[in-house]
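Asks: Okay, here's the structure, questions in a sec.
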Amino acid sequence: MSPPFTPLYIDGEWRPASTGATFDVRNPTSGSITGTAAAASSEDCAAAVQAAARAFKTWEHSHLSVRRDILLKASDFLLAKGDEIRAALREETAGTDDWLWVNYEWSVDQMRDIASATMRLRGETAPSIIPGGQAITQRRAIGPILSIVPWNAPMILSLRAVAVPIVCGNTVVLKTSEISPRMQAILVEAFAKAGLPAGVLNCLSTSKEDAAARTTELIANPIIRKVNFTGSDVTGRLIAIEAAKHLKPCVLELGGKAPVVVLDDADVPRAARAITSSALLHSGQICMSTERVIVQRAVADLLLRHLRDLFSRIKAGDPHVDPSAHIGAVFNQGSAENAINMINDAVKEGAKVLVGDLKREGAILQPHLVVDAKPGMRIWDKETFAPVVVLAVADSVDEAIDLANASDYSLISAVWTKNVHKAFDVAARLRAGTSNINGPTVHVEPMRENGGLGGSTGYGLFMIDDWTQLRMIVLHPEQETPYPVTAKL
């Protein structure tokens, strides 16, 4: 049986690349081919953008109830696709069932939440400074959007990248990850089945070799009005540079190096469980993954005992064939090797490995717990995107906060303490877009997307304000007022 083929979706039609080019998609654990996908050409990219431009002329003025109903129908379609989503997640990204809920149940719920956002697309009116006139503000769509999405949470991160702009009246050109094109095509199919007009959403997949060139062409296309990208800070900086050449705004949701501060009055066993879960879920390949732990000295030994026990009991492997495995492989062998190199560099600089064997089996990397890490070490300063946590000990609350903030990342954090006043004080002083009190770092609230405060985490959100422009219309009074220059004639 031949592996499944994922085509392009342009102007309401599924089609192969204009050149017929394809690329293979491989499973991270086995390396076997799990699918093929169309490799978009320059002509395909231009066609997708043109389709988005044509569709925008009418979609911008579509009734809000039409947008809402399409998203609700699309959520019902996703709900019925559980088995297909599970298979694609496992085969393309080595995702486990623990990660399925984010890319299935949570995605369905978020689609429905985004549908309700039409109620927030409203403006204001006020008397003009000219007597008898009116000033009116409206939230209006921006135009065709380029959305570039990653593989690590392929459904939920693609959903927000396209659904929020679409519900605001924009049209979208979606560029999938070369690692997970089938997973992301399922989302596009949901919109198509729900009756989204042709051209409102277009989907392009590219080979790894062509990705940079095709992305540069798409950003440079004058029809594209705004860009969003979710992925590494290294690639995010390159995309920001390209967008800046054309003065195009971006939303960049990049890396994370989430710190957890454990104070001396914390519920240590519970904190250890939350840290372990957020560090090892999806093998640490989440922007919200716990990567750094800063603990006050009085409870450091107790926390380490609990973390060592938990990390030692969790096994990496292929949970789909090995029932004793809890987490899967990282997305390729190079990622596993990079994490090992970061740990080895830290050991040379004085850190110690408390749990872990500093080995990999292909892309399978066992959990690692590293102590005595400090700012300036690469393992402290850079995202590992692997099942690796570093720990440092602080003598005071102020020192713990300084260590937590000693990072160029600013996405999310957590603090553990039983003192509510201390909790709010520390949470407010942590430089993070979201701070959790007595909870895991892998957490999202619908009232506000997690987003960075600049630096290696990027900037901007997937909220209504980010995907609309506030425009003003001024109605001048019927009675003519004197105009400068002509009033003197």
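Residues are referred to by chain and number: the chain letter is A, B, ... according to the order shown in the structure tokens, the number counts from 1 in that chain, and ligands are numbered separately from 1 in the order shown.
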So which bits of stretch 95-225 of chain A end up strand (DSSP E or B) when you DSSP the backbone, as a PyMOL selection string?
Replies: chain A and resi 124-127+134-141+144-148+171-175+201-204
Asks: Within stretch 92-226 of chain A, find each residue whose DSSP state, derived from the backbone, is helix (DSSP H, G or I), and express the selection as a PyMOL selection string.
Replies: chain A and resi 92-93+97-103+105-120+156-167+181-193+211-220
Asks: Write out as a VMD selection string each polymer residue whose atoms come within 6 Å of stretch 303-311 of chain A, counting only C-alpha atoms; drop sequence neighbours fewer than 3 positions from it.
Replies: chain A and resid 268 272 300 314
Asks: I want to know what sits within 8 Å of stretch 330-340 of chain A, based on only C-alpha atoms, with residues of the same chain fewer than 5 positions away left out; could you give that as a ChimeraX atom specification?
Replies: /A:28-29,93-94,283,285,358-360,362-365,384-386,388
Asks: Extract, using only C-alpha atoms, all DNA, RNA and protein residues at most 10 Å from A:Ser107, discarding same-chain residues fewer than 2 positions from it, and format them as a list in words.
Replies: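 Here the answer would be Ser75, Leu78, Leu79, Leu100, Trp101, Val102, Asn103, Tyr104, Glu105, Asp109, Gln110, Met111, Arg112, Asp113, Met155, Ile156, Leu157, Ser158, Leu159, Arg160 and Leu187 of chain A.
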Asks: Neighbouring residues of A:Arg122 were defined as those with any atom within 10 Å, considering only C-alpha atoms; residues of the same chain fewer than 2 positions away were excluded. Please report them as a ChimeraX atom specification.
Replies: /A:118-120,124,137-140,470
Asks: Write out the residues from the selection above, keeping N, CA, C and O atoms, as a short mmCIF file (atom, residue, chain, number, x, y, z; two decimals), in the first residue's frame.
Replies:
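The resulting file, selection_2.cif, is shown below:
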data_model
loop_
_atom_site.label_atom_id
_atom_site.label_comp_id
_atom_site.auth_asym_id
_atom_site.auth_seq_id
_atom_site.Cartn_x
_atom_site.Cartn_y
_atom_site.Cartn_z
N THR A 118 -16.71 36.60 17.00
CA THR A 118 -17.41 37.57 16.13
C THR A 118 -18.14 38.61 16.96
O THR A 118 -18.36 39.74 16.49
N MET A 119 -18.51 38.28 18.18
CA MET A 119 -19.22 39.23 19.05
C MET A 119 -18.33 40.39 19.47
O MET A 119 -18.84 41.42 19.94
N ARG A 120 -17.02 40.23 19.31
CA ARG A 120 -16.09 41.30 19.72
C ARG A 120 -15.66 42.18 18.55
O ARG A 120 -14.84 43.08 18.73
N GLU A 124 -16.83 51.91 17.80
CA GLU A 124 -17.41 52.92 18.70
C GLU A 124 -17.84 54.14 17.88
O GLU A 124 -17.40 54.33 16.74
N THR A 137 -15.50 54.56 14.71
CA THR A 137 -14.38 53.63 14.53
C THR A 137 -14.92 52.23 14.24
O THR A 137 -15.95 51.83 14.79
N GLN A 138 -14.24 51.52 13.38
CA GLN A 138 -14.63 50.16 13.01
C GLN A 138 -13.42 49.24 13.06
O GLN A 138 -12.32 49.64 12.69
N ARG A 139 -13.65 48.00 13.52
CA ARG A 139 -12.61 46.98 13.44
C ARG A 139 -12.74 46.30 12.09
O ARG A 139 -13.72 45.62 11.82
N ARG A 140 -11.75 46.47 11.24
CA ARG A 140 -11.80 45.97 9.87
C ARG A 140 -10.67 44.98 9.62
O ARG A 140 -9.61 45.02 10.25
N LEU A 470 -8.02 49.17 13.33
CA LEU A 470 -9.03 50.11 13.79
C LEU A 470 -9.05 51.30 12.83
O LEU A 470 -8.07 52.04 12.73
#
Asks: Do a neighbour search on A:Arg26 at 9 Å with only C-alpha atoms, toss out local chain neighbours closer than 5 positions, and write the hits as a list in words.
Replies: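 Skipping anything fewer than 5 positions along the chain leaves Gly31, Ser32, Ile33, Thr34, Gly35, Thr36, Glu91, Glu92, Thr93 and Ile179 of chain A.
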Asks: Pull the closest atom pair for each residue of stretch 240-259 of chain A that gets at most 12 Å from stretch 452-462 of chain A, along with the distance in Å to one decimal, counting only C-alpha atoms, ordering rows by chain and then ascending residue number, as JSON lines.
Replies:
{"residue": "A:Ala240", "atom": "CA", "partner": "A:Gly458", "partner_atom": "CA", "distance": 9.7}
{"residue": "A:Pro249", "atom": "CA", "partner": "A:Gly460", "partner_atom": "CA", "distance": 9.7}
{"residue": "A:Cys250", "atom": "CA", "partner": "A:Gly460", "partner_atom": "CA", "distance": 7.5}
{"residue": "A:Val251", "atom": "CA", "partner": "A:Gly460", "partner_atom": "CA", "distance": 4.6}
{"residue": "A:Leu252", "atom": "CA", "partner": "A:Gly458", "partner_atom": "CA", "distance": 4.9}
{"residue": "A:Glu253", "atom": "CA", "partner": "A:Gly458", "partner_atom": "CA", "distance": 5.3}
{"residue": "A:Leu254", "atom": "CA", "partner": "A:Thr457", "partner_atom": "CA", "distance": 4.5}
{"residue": "A:Gly255", "atom": "CA", "partner": "A:Thr457", "partner_atom": "CA", "distance": 4.9}
{"residue": "A:Gly256", "atom": "CA", "partner": "A:Thr457", "partner_atom": "CA", "distance": 6.0}
{"residue": "A:Lys257", "atom": "CA", "partner": "A:Thr457", "partner_atom": "CA", "distance": 8.8}
{"residue": "A:Ala258", "atom": "CA", "partner": "A:Thr457", "partner_atom": "CA", "distance": 10.5}
Asks: Taking only C-alpha atoms into account, produce a table as a Markdown table in which each residue of stretch 198-256 of chain A with an atom at most 10 Å from an atom of stretch 147-153 of chain A appears once, together with its shortest atom pair and the distance in Å to one decimal, ordered by chain and rising number.
Replies:
| residue | atom | partner | partner_atom | distance |
| --- | --- | --- | --- | --- |
| A:Cys203 | CA | A:Ser147 | CA | 9.5 |
| A:Leu204 | CA | A:Ile148 | CA | 9.8 |
| A:Thr215 | CA | A:Ile148 | CA | 8.5 |
| A:Lys226 | CA | A:Ser147 | CA | 8.7 |
| A:Val227 | CA | A:Ser147 | CA | 6.0 |
| A:Asn228 | CA | A:Ser147 | CA | 4.9 |
| A:Phe229 | CA | A:Ile148 | CA | 4.7 |
| A:Thr230 | CA | A:Val149 | CA | 5.4 |
| A:Gly231 | CA | A:Pro150 | CA | 5.7 |
| A:Ser232 | CA | A:Pro150 | CA | 9.0 |
| A:Ile239 | CA | A:Ile148 | CA | 9.9 |
| A:Cys250 | CA | A:Ser147 | CA | 9.9 |
| A:Val251 | CA | A:Ser147 | CA | 9.5 |
| A:Leu252 | CA | A:Ile148 | CA | 9.8 |
| A:Glu253 | CA | A:Val149 | CA | 10.0 |
